[in-house]
$ cat data21.txt   # compact mmCIF, N, CA and C atoms
# COMPACT_ATOMS: atom_id res chain seq x y z
N MET B 1 2.72 -112.07 135.04
CA MET B 1 1.87 -112.78 134.12
C MET B 1 1.61 -114.17 134.69
N ARG B 2 0.35 -114.60 134.54
CA ARG B 2 0.01 -115.96 134.95
C ARG B 2 -1.01 -116.53 133.96
N ILE B 3 -1.03 -117.84 133.86
CA ILE B 3 -1.98 -118.53 132.99
C ILE B 3 -2.83 -119.43 133.87
N GLU B 4 -4.16 -119.31 133.72
CA GLU B 4 -5.10 -120.12 134.48
C GLU B 4 -6.17 -120.66 133.53
N THR B 5 -6.85 -121.69 133.95
CA THR B 5 -7.96 -122.23 133.19
C THR B 5 -9.26 -121.80 133.87
N ASN B 6 -10.19 -121.23 133.07
CA ASN B 6 -11.44 -120.76 133.67
C ASN B 6 -12.43 -121.91 133.81
N GLU B 7 -13.64 -121.60 134.29
CA GLU B 7 -14.65 -122.62 134.57
C GLU B 7 -15.14 -123.34 133.31
N LYS B 8 -14.93 -122.75 132.13
CA LYS B 8 -15.33 -123.38 130.87
C LYS B 8 -14.19 -124.20 130.26
N GLY B 9 -13.06 -124.27 130.95
CA GLY B 9 -11.92 -125.04 130.47
C GLY B 9 -11.05 -124.29 129.47
N VAL B 10 -11.22 -122.97 129.38
CA VAL B 10 -10.44 -122.15 128.44
C VAL B 10 -9.27 -121.53 129.20
N SER B 11 -8.09 -121.56 128.60
CA SER B 11 -6.91 -120.96 129.23
C SER B 11 -6.95 -119.44 129.08
N CYS B 12 -6.63 -118.75 130.17
CA CYS B 12 -6.62 -117.30 130.20
C CYS B 12 -5.25 -116.81 130.67
N ILE B 13 -4.79 -115.74 130.04
CA ILE B 13 -3.54 -115.09 130.44
C ILE B 13 -3.91 -113.82 131.17
N TYR B 14 -3.30 -113.61 132.34
CA TYR B 14 -3.51 -112.40 133.12
C TYR B 14 -2.18 -111.65 133.18
N VAL B 15 -2.19 -110.43 132.64
CA VAL B 15 -0.99 -109.60 132.59
C VAL B 15 -1.19 -108.42 133.52
N GLU B 16 -0.22 -108.19 134.41
CA GLU B 16 -0.31 -107.05 135.33
C GLU B 16 0.28 -105.82 134.67
N ALA B 17 -0.49 -104.74 134.67
CA ALA B 17 -0.05 -103.48 134.08
C ALA B 17 0.17 -102.45 135.18
N LYS B 18 1.16 -101.61 134.99
CA LYS B 18 1.43 -100.51 135.91
C LYS B 18 1.13 -99.20 135.19
N ILE B 19 0.50 -98.28 135.88
CA ILE B 19 0.19 -96.98 135.31
C ILE B 19 1.27 -96.00 135.75
N ASN B 20 1.82 -95.24 134.79
CA ASN B 20 2.89 -94.31 135.16
C ASN B 20 2.32 -93.14 135.96
N LYS B 21 3.18 -92.46 136.69
CA LYS B 21 2.74 -91.40 137.60
C LYS B 21 2.00 -90.27 136.90
N LYS B 22 2.38 -89.97 135.66
CA LYS B 22 1.73 -88.88 134.93
C LYS B 22 0.26 -89.20 134.64
N GLN B 23 -0.06 -90.46 134.41
CA GLN B 23 -1.43 -90.85 134.08
C GLN B 23 -2.22 -91.34 135.29
N ALA B 24 -1.58 -91.52 136.41
CA ALA B 24 -2.24 -92.08 137.60
C ALA B 24 -3.21 -91.09 138.23
N ASN B 25 -4.22 -91.65 138.88
CA ASN B 25 -5.20 -90.89 139.67
C ASN B 25 -5.92 -89.80 138.88
N ARG B 26 -6.27 -90.08 137.65
CA ARG B 26 -7.03 -89.14 136.83
C ARG B 26 -8.49 -89.55 136.80
N CYS B 27 -9.37 -88.57 136.92
CA CYS B 27 -10.81 -88.82 136.86
C CYS B 27 -11.15 -89.37 135.47
N PRO B 28 -11.93 -90.44 135.39
CA PRO B 28 -12.27 -91.00 134.08
C PRO B 28 -13.22 -90.13 133.28
N ILE B 29 -13.85 -89.15 133.93
CA ILE B 29 -14.82 -88.30 133.23
C ILE B 29 -14.19 -86.99 132.78
N CYS B 30 -13.53 -86.28 133.71
CA CYS B 30 -12.97 -84.97 133.35
C CYS B 30 -11.47 -85.02 133.07
N GLY B 31 -10.78 -86.07 133.49
CA GLY B 31 -9.36 -86.23 133.21
C GLY B 31 -8.42 -85.50 134.16
N ARG B 32 -8.97 -84.81 135.17
CA ARG B 32 -8.10 -84.09 136.11
C ARG B 32 -7.50 -85.03 137.15
N LYS B 33 -6.31 -84.65 137.64
CA LYS B 33 -5.68 -85.39 138.74
C LYS B 33 -6.52 -85.21 139.99
N CYS B 34 -6.70 -86.29 140.74
CA CYS B 34 -7.55 -86.24 141.93
C CYS B 34 -6.85 -86.94 143.09
N PRO B 35 -7.18 -86.53 144.31
CA PRO B 35 -6.59 -87.20 145.47
C PRO B 35 -7.22 -88.56 145.70
N GLY B 36 -6.48 -89.41 146.41
CA GLY B 36 -6.99 -90.73 146.73
C GLY B 36 -8.17 -90.65 147.68
N TYR B 37 -9.09 -91.57 147.55
CA TYR B 37 -10.27 -91.61 148.42
C TYR B 37 -10.07 -92.63 149.53
N GLU B 38 -9.43 -93.73 149.21
CA GLU B 38 -9.19 -94.79 150.18
C GLU B 38 -7.69 -95.08 150.21
N LYS B 39 -7.09 -94.89 151.31
CA LYS B 39 -5.66 -95.16 151.45
C LYS B 39 -5.43 -96.64 151.70
N GLY B 40 -4.55 -97.24 150.92
CA GLY B 40 -4.13 -98.61 151.15
C GLY B 40 -5.15 -99.69 150.83
N SER B 41 -6.22 -99.35 150.11
CA SER B 41 -7.20 -100.39 149.78
C SER B 41 -7.29 -100.56 148.27
N ASN B 42 -6.19 -100.95 147.68
CA ASN B 42 -6.16 -101.17 146.24
C ASN B 42 -6.97 -102.40 145.87
N LYS B 43 -7.80 -102.25 144.85
CA LYS B 43 -8.61 -103.34 144.34
C LYS B 43 -8.06 -103.73 142.97
N VAL B 44 -7.94 -105.02 142.72
CA VAL B 44 -7.48 -105.48 141.42
C VAL B 44 -8.65 -105.37 140.45
N ARG B 45 -8.43 -104.61 139.36
CA ARG B 45 -9.43 -104.45 138.31
C ARG B 45 -8.92 -105.16 137.06
N ARG B 46 -9.85 -105.64 136.25
CA ARG B 46 -9.49 -106.48 135.11
C ARG B 46 -10.26 -106.04 133.86
N TRP B 47 -9.54 -106.01 132.72
CA TRP B 47 -10.12 -105.66 131.43
C TRP B 47 -9.84 -106.78 130.44
N ARG B 48 -10.83 -107.12 129.64
CA ARG B 48 -10.66 -108.15 128.61
C ARG B 48 -9.99 -107.51 127.40
N ALA B 49 -8.97 -108.16 126.89
CA ALA B 49 -8.26 -107.70 125.70
C ALA B 49 -8.52 -108.70 124.57
N LEU B 50 -8.00 -108.40 123.40
CA LEU B 50 -8.14 -109.32 122.27
C LEU B 50 -7.40 -110.63 122.57
N ASP B 51 -7.99 -111.72 122.13
CA ASP B 51 -7.41 -113.04 122.37
C ASP B 51 -6.05 -113.20 121.69
N ILE B 52 -5.25 -114.07 122.26
CA ILE B 52 -3.99 -114.46 121.65
C ILE B 52 -4.16 -115.93 121.26
N GLY B 53 -4.52 -116.16 120.01
CA GLY B 53 -4.83 -117.52 119.58
C GLY B 53 -6.01 -118.06 120.35
N GLU B 54 -5.83 -119.19 121.01
CA GLU B 54 -6.90 -119.79 121.81
C GLU B 54 -6.96 -119.24 123.23
N LEU B 55 -6.02 -118.40 123.60
CA LEU B 55 -5.95 -117.88 124.96
C LEU B 55 -6.71 -116.56 125.08
N ILE B 56 -7.47 -116.44 126.15
CA ILE B 56 -8.16 -115.18 126.45
C ILE B 56 -7.21 -114.32 127.27
N LEU B 57 -7.03 -113.06 126.87
CA LEU B 57 -6.09 -112.16 127.52
C LEU B 57 -6.82 -111.15 128.39
N PHE B 58 -6.35 -110.99 129.61
CA PHE B 58 -6.87 -109.98 130.53
C PHE B 58 -5.73 -109.08 130.99
N ILE B 59 -6.01 -107.81 131.13
CA ILE B 59 -5.06 -106.86 131.70
C ILE B 59 -5.57 -106.51 133.09
N GLU B 60 -4.69 -106.60 134.08
CA GLU B 60 -5.05 -106.31 135.47
C GLU B 60 -4.17 -105.20 136.02
N THR B 61 -4.75 -104.44 136.94
CA THR B 61 -3.97 -103.45 137.68
C THR B 61 -4.64 -103.24 139.03
N SER B 62 -3.84 -102.86 140.02
CA SER B 62 -4.37 -102.54 141.35
C SER B 62 -4.62 -101.05 141.42
N GLN B 63 -5.82 -100.68 141.82
CA GLN B 63 -6.18 -99.27 141.91
C GLN B 63 -7.01 -99.01 143.15
N ALA B 64 -6.75 -97.88 143.77
CA ALA B 64 -7.61 -97.38 144.83
C ALA B 64 -8.51 -96.30 144.21
N ARG B 65 -9.68 -96.14 144.75
CA ARG B 65 -10.59 -95.12 144.21
C ARG B 65 -10.06 -93.72 144.50
N ILE B 66 -10.54 -92.78 143.70
CA ILE B 66 -10.16 -91.37 143.85
C ILE B 66 -11.41 -90.54 144.11
N TYR B 67 -11.17 -89.29 144.56
CA TYR B 67 -12.30 -88.38 144.77
C TYR B 67 -12.14 -87.17 143.86
N CYS B 68 -13.07 -87.02 142.92
CA CYS B 68 -13.09 -85.86 142.02
C CYS B 68 -14.08 -84.84 142.59
N ASN B 69 -13.68 -83.58 142.68
CA ASN B 69 -14.56 -82.55 143.21
C ASN B 69 -15.85 -82.40 142.40
N ASP B 70 -15.78 -82.68 141.11
CA ASP B 70 -16.96 -82.54 140.26
C ASP B 70 -17.78 -83.82 140.13
N TYR B 71 -17.14 -84.99 140.15
CA TYR B 71 -17.84 -86.24 139.86
C TYR B 71 -17.84 -87.25 141.00
N GLY B 72 -17.29 -86.87 142.14
CA GLY B 72 -17.34 -87.74 143.31
C GLY B 72 -16.34 -88.89 143.26
N VAL B 73 -16.68 -89.96 143.96
CA VAL B 73 -15.78 -91.11 144.08
C VAL B 73 -15.81 -91.91 142.77
N GLN B 74 -14.63 -92.18 142.23
CA GLN B 74 -14.49 -92.89 140.95
C GLN B 74 -13.29 -93.82 141.02
N TYR B 75 -13.27 -94.80 140.12
CA TYR B 75 -12.02 -95.51 139.87
C TYR B 75 -11.27 -94.69 138.83
N PRO B 76 -9.96 -94.52 138.99
CA PRO B 76 -9.22 -93.70 138.04
C PRO B 76 -9.22 -94.30 136.64
N SER B 77 -9.04 -93.43 135.66
CA SER B 77 -9.00 -93.88 134.27
C SER B 77 -7.72 -94.66 134.01
N VAL B 78 -7.78 -95.48 132.99
CA VAL B 78 -6.60 -96.22 132.54
C VAL B 78 -6.43 -95.93 131.05
N PRO B 79 -5.21 -95.90 130.54
CA PRO B 79 -5.00 -95.52 129.15
C PRO B 79 -5.47 -96.56 128.13
N TRP B 80 -5.72 -97.78 128.56
CA TRP B 80 -6.07 -98.83 127.60
C TRP B 80 -7.57 -99.10 127.50
N ALA B 81 -8.41 -98.38 128.25
CA ALA B 81 -9.85 -98.63 128.20
C ALA B 81 -10.63 -97.33 128.27
N TYR B 82 -11.80 -97.34 127.65
CA TYR B 82 -12.70 -96.19 127.72
C TYR B 82 -13.40 -96.20 129.07
N GLU B 83 -13.88 -95.03 129.48
CA GLU B 83 -14.55 -94.89 130.76
C GLU B 83 -15.73 -95.86 130.86
N GLY B 84 -15.79 -96.58 131.95
CA GLY B 84 -16.89 -97.49 132.21
C GLY B 84 -16.80 -98.84 131.50
N SER B 85 -15.78 -99.04 130.71
CA SER B 85 -15.65 -100.29 129.96
C SER B 85 -14.80 -101.29 130.72
N ARG B 86 -15.14 -102.55 130.61
CA ARG B 86 -14.34 -103.63 131.18
C ARG B 86 -13.55 -104.33 130.07
N PHE B 87 -13.46 -103.65 128.90
CA PHE B 87 -12.73 -104.16 127.74
C PHE B 87 -11.72 -103.11 127.31
N THR B 88 -10.66 -103.54 126.63
CA THR B 88 -9.68 -102.58 126.13
C THR B 88 -10.26 -101.82 124.95
N LYS B 89 -9.66 -100.67 124.65
CA LYS B 89 -10.11 -99.87 123.52
C LYS B 89 -10.05 -100.67 122.22
N GLU B 90 -8.98 -101.42 122.04
CA GLU B 90 -8.82 -102.22 120.83
C GLU B 90 -9.91 -103.29 120.72
N PHE B 91 -10.29 -103.87 121.85
CA PHE B 91 -11.36 -104.87 121.85
C PHE B 91 -12.67 -104.23 121.43
N ASP B 92 -13.02 -103.08 122.04
CA ASP B 92 -14.25 -102.38 121.68
C ASP B 92 -14.29 -102.04 120.19
N MET B 93 -13.20 -101.51 119.67
CA MET B 93 -13.16 -101.11 118.26
C MET B 93 -13.20 -102.32 117.33
N THR B 94 -12.58 -103.42 117.73
CA THR B 94 -12.63 -104.63 116.92
C THR B 94 -14.05 -105.18 116.88
N VAL B 95 -14.73 -105.19 118.00
CA VAL B 95 -16.13 -105.63 118.04
C VAL B 95 -16.97 -104.77 117.10
N ALA B 96 -16.79 -103.45 117.17
CA ALA B 96 -17.57 -102.54 116.33
C ALA B 96 -17.29 -102.79 114.85
N TRP B 97 -16.03 -102.99 114.50
CA TRP B 97 -15.69 -103.24 113.09
C TRP B 97 -16.28 -104.56 112.62
N LEU B 98 -16.13 -105.61 113.44
CA LEU B 98 -16.69 -106.91 113.06
C LEU B 98 -18.20 -106.86 112.92
N ALA B 99 -18.85 -106.05 113.76
CA ALA B 99 -20.31 -105.94 113.71
C ALA B 99 -20.78 -105.30 112.40
N CYS B 100 -19.91 -104.54 111.74
CA CYS B 100 -20.25 -103.98 110.42
C CYS B 100 -20.21 -105.06 109.35
N GLN B 101 -19.48 -106.14 109.61
CA GLN B 101 -19.30 -107.20 108.62
C GLN B 101 -20.16 -108.44 108.90
N LEU B 102 -20.48 -108.67 110.17
CA LEU B 102 -21.15 -109.90 110.59
C LEU B 102 -22.35 -109.59 111.48
N SER B 103 -23.14 -110.60 111.77
CA SER B 103 -24.25 -110.43 112.70
C SER B 103 -23.71 -110.33 114.13
N LYS B 104 -24.54 -109.81 115.03
CA LYS B 104 -24.13 -109.73 116.44
C LYS B 104 -23.83 -111.12 116.99
N LYS B 105 -24.65 -112.10 116.60
CA LYS B 105 -24.45 -113.46 117.10
C LYS B 105 -23.10 -114.01 116.64
N ALA B 106 -22.74 -113.76 115.39
CA ALA B 106 -21.46 -114.26 114.88
C ALA B 106 -20.29 -113.58 115.59
N VAL B 107 -20.39 -112.27 115.81
CA VAL B 107 -19.33 -111.54 116.52
C VAL B 107 -19.20 -112.08 117.94
N ALA B 108 -20.34 -112.29 118.59
CA ALA B 108 -20.32 -112.80 119.97
C ALA B 108 -19.66 -114.17 120.05
N GLU B 109 -19.99 -115.05 119.13
CA GLU B 109 -19.39 -116.38 119.14
C GLU B 109 -17.89 -116.32 118.83
N PHE B 110 -17.52 -115.50 117.86
CA PHE B 110 -16.12 -115.40 117.46
C PHE B 110 -15.24 -114.87 118.59
N LEU B 111 -15.73 -113.83 119.31
CA LEU B 111 -14.94 -113.21 120.37
C LEU B 111 -15.24 -113.76 121.76
N ARG B 112 -16.13 -114.74 121.83
CA ARG B 112 -16.48 -115.40 123.09
C ARG B 112 -17.03 -114.42 124.13
N ILE B 113 -18.00 -113.62 123.68
CA ILE B 113 -18.69 -112.69 124.57
C ILE B 113 -20.19 -112.84 124.35
N ASP B 114 -20.97 -112.25 125.22
CA ASP B 114 -22.42 -112.25 125.11
C ASP B 114 -22.86 -111.29 123.99
N TRP B 115 -23.95 -111.60 123.29
CA TRP B 115 -24.36 -110.72 122.19
C TRP B 115 -24.78 -109.35 122.69
N GLU B 116 -25.27 -109.25 123.93
CA GLU B 116 -25.60 -107.92 124.49
C GLU B 116 -24.33 -107.09 124.70
N THR B 117 -23.24 -107.75 125.02
CA THR B 117 -21.95 -107.06 125.17
C THR B 117 -21.51 -106.47 123.84
N VAL B 118 -21.82 -107.16 122.75
CA VAL B 118 -21.51 -106.63 121.41
C VAL B 118 -22.17 -105.27 121.24
N GLY B 119 -23.42 -105.16 121.64
CA GLY B 119 -24.14 -103.89 121.53
C GLY B 119 -23.52 -102.78 122.37
N ARG B 120 -23.06 -103.11 123.57
CA ARG B 120 -22.43 -102.11 124.42
C ARG B 120 -21.10 -101.66 123.84
N CYS B 121 -20.33 -102.59 123.28
CA CYS B 121 -19.06 -102.23 122.63
C CYS B 121 -19.31 -101.32 121.43
N ILE B 122 -20.33 -101.62 120.65
CA ILE B 122 -20.68 -100.78 119.49
C ILE B 122 -21.07 -99.38 119.96
N ALA B 123 -21.86 -99.30 121.02
CA ALA B 123 -22.29 -97.98 121.54
C ALA B 123 -21.09 -97.16 121.99
N ARG B 124 -20.13 -97.78 122.68
CA ARG B 124 -18.94 -97.05 123.11
C ARG B 124 -18.13 -96.58 121.91
N ALA B 125 -17.94 -97.46 120.92
CA ALA B 125 -17.18 -97.08 119.73
C ALA B 125 -17.88 -95.95 118.97
N ARG B 126 -19.18 -96.03 118.86
CA ARG B 126 -19.96 -94.98 118.17
C ARG B 126 -19.79 -93.65 118.88
N MET B 127 -19.84 -93.67 120.22
CA MET B 127 -19.70 -92.45 120.98
C MET B 127 -18.31 -91.85 120.80
N ILE B 128 -17.28 -92.68 120.87
CA ILE B 128 -15.89 -92.20 120.70
C ILE B 128 -15.67 -91.67 119.30
N LEU B 129 -16.16 -92.38 118.30
CA LEU B 129 -15.95 -91.94 116.91
C LEU B 129 -16.72 -90.66 116.61
N SER B 130 -17.86 -90.44 117.26
CA SER B 130 -18.62 -89.21 117.02
C SER B 130 -17.94 -88.00 117.66
N LEU B 131 -17.08 -88.24 118.66
CA LEU B 131 -16.37 -87.14 119.33
C LEU B 131 -15.16 -86.68 118.53
N THR B 132 -14.65 -87.51 117.62
CA THR B 132 -13.44 -87.15 116.88
C THR B 132 -13.76 -86.49 115.58
$ encode --input "data21.txt" --output "structure tokens"
Amino acid sequence: MRIETNEKGVSCIYVEAKINKKQANRCPICGRKCPGYEKGSNKVRRWRALDIGELILFIETSQARIYCNDYGVQYPSVPWAYEGSRFTKEFDMTVAWLACQLSKKAVAEFLRIDWETVGRCIARARMILSLT
């Protein structure tokens, strides 16, 4: 864990997460275990989580891409985020819930995100909720 100040002067917490072997190297689309595509070239990926008071929280992990026979080269899925999202599941769902109560602009200001991001979070939540 480390704390840094971003370009806007806001303090951010970066927490490193490890993925257990059972969940590692799974295709984000089909969920199957896949072989590594690049050996030894782990890239640090980052997801925005819900804030802790005034601090912005990010979850980071090092991942190498995988090769899925059906979907090609992908970054493996992570248990805390939906496919293609740079936000945690809880963040996406919180945005969607707040958007039912407030305007997009108010949600964007409250969570310190762009109002277009609010729309993308709502779309992901709508898609997930329609599947259940």
$ residues_around --input "data21.txt" --residues "region 88-94 of chain B" --least-positions-apart "6" --cutoff "5 Å" --atoms "only N, CA and C atoms" --output "list in words"
Arg48, Ala49, Trp80, Ala81, Tyr82 and Cys121 of chain B
$ residues_around --input "data21.txt" --residues "region 31-40 of chain B" --least-positions-apart "5" --cutoff "10 Å" --atoms "only C-alpha atoms" --output "ChimeraX atom specification"
/B:22-26,63-70,72-77
$ write_last_selection --input "data21.txt" --atoms "N, CA and C atoms" --output "compact mmCIF listing (two decimals), in the frame of the given file"
# COMPACT_ATOMS: atom_id res chain seq x y z
N LYS B 22 2.38 -89.97 135.66
CA LYS B 22 1.73 -88.88 134.93
C LYS B 22 0.26 -89.20 134.64
N GLN B 23 -0.06 -90.46 134.41
CA GLN B 23 -1.43 -90.85 134.08
C GLN B 23 -2.22 -91.34 135.29
N ALA B 24 -1.58 -91.52 136.41
CA ALA B 24 -2.24 -92.08 137.60
C ALA B 24 -3.21 -91.09 138.23
N ASN B 25 -4.22 -91.65 138.88
CA ASN B 25 -5.20 -90.89 139.67
C ASN B 25 -5.92 -89.80 138.88
N ARG B 26 -6.27 -90.08 137.65
CA ARG B 26 -7.03 -89.14 136.83
C ARG B 26 -8.49 -89.55 136.80
N GLN B 63 -5.82 -100.68 141.82
CA GLN B 63 -6.18 -99.27 141.91
C GLN B 63 -7.01 -99.01 143.15
N ALA B 64 -6.75 -97.88 143.77
CA ALA B 64 -7.61 -97.38 144.83
C ALA B 64 -8.51 -96.30 144.21
N ARG B 65 -9.68 -96.14 144.75
CA ARG B 65 -10.59 -95.12 144.21
C ARG B 65 -10.06 -93.72 144.50
N ILE B 66 -10.54 -92.78 143.70
CA ILE B 66 -10.16 -91.37 143.85
C ILE B 66 -11.41 -90.54 144.11
N TYR B 67 -11.17 -89.29 144.56
CA TYR B 67 -12.30 -88.38 144.77
C TYR B 67 -12.14 -87.17 143.86
N CYS B 68 -13.07 -87.02 142.92
CA CYS B 68 -13.09 -85.86 142.02
C CYS B 68 -14.08 -84.84 142.59
N ASN B 69 -13.68 -83.58 142.68
CA ASN B 69 -14.56 -82.55 143.21
C ASN B 69 -15.85 -82.40 142.40
N ASP B 70 -15.78 -82.68 141.11
CA ASP B 70 -16.96 -82.54 140.26
C ASP B 70 -17.78 -83.82 140.13
N GLY B 72 -17.29 -86.87 142.14
CA GLY B 72 -17.34 -87.74 143.31
C GLY B 72 -16.34 -88.89 143.26
N VAL B 73 -16.68 -89.96 143.96
CA VAL B 73 -15.78 -91.11 144.08
C VAL B 73 -15.81 -91.91 142.77
N GLN B 74 -14.63 -92.18 142.23
CA GLN B 74 -14.49 -92.89 140.95
C GLN B 74 -13.29 -93.82 141.02
N TYR B 75 -13.27 -94.80 140.12
CA TYR B 75 -12.02 -95.51 139.87
C TYR B 75 -11.27 -94.69 138.83
N PRO B 76 -9.96 -94.52 138.99
CA PRO B 76 -9.22 -93.70 138.04
C PRO B 76 -9.22 -94.30 136.64
N SER B 77 -9.04 -93.43 135.66
CA SER B 77 -9.00 -93.88 134.27
C SER B 77 -7.72 -94.66 134.01
$ residues_around --input "data21.txt" --residues "Leu111 (chain B)" --least-positions-apart "4" --cutoff "10 Å" --atoms "only C-alpha atoms" --output "MDAnalysis selection string"
chainID B and resid 50:51 56 91 94:95 98 106:107 115 118
$ axis_aligned_box --input "data21.txt" --around "region 20-27 of chain B" --padding-each-side "4 Å" --output "JSON"
{"center_x": -4.0, "center_y": -91.9, "center_z": 136.9, "size_x": 22.3, "size_y": 14.7, "size_z": 13.6}
$ atom_distance --input "data21.txt" --atom1 "atom N of Phe58 (chain B)" --atom2 "atom C of Arg120 (chain B)"
18.4 Å
$ atom_distance --input "data21.txt" --atom1 "atom C of Asn20 (chain B)" --atom2 "CA of Pro79 (chain B)"
10.3 Å
$ select_by_dssp --input "data21.txt" --residues "region 23-73 of chain B" --states "strand (DSSP E or B)" --output "ChimeraX atom specification"
/B:26,33,36,43-48,52,55-63,66-68,72-73
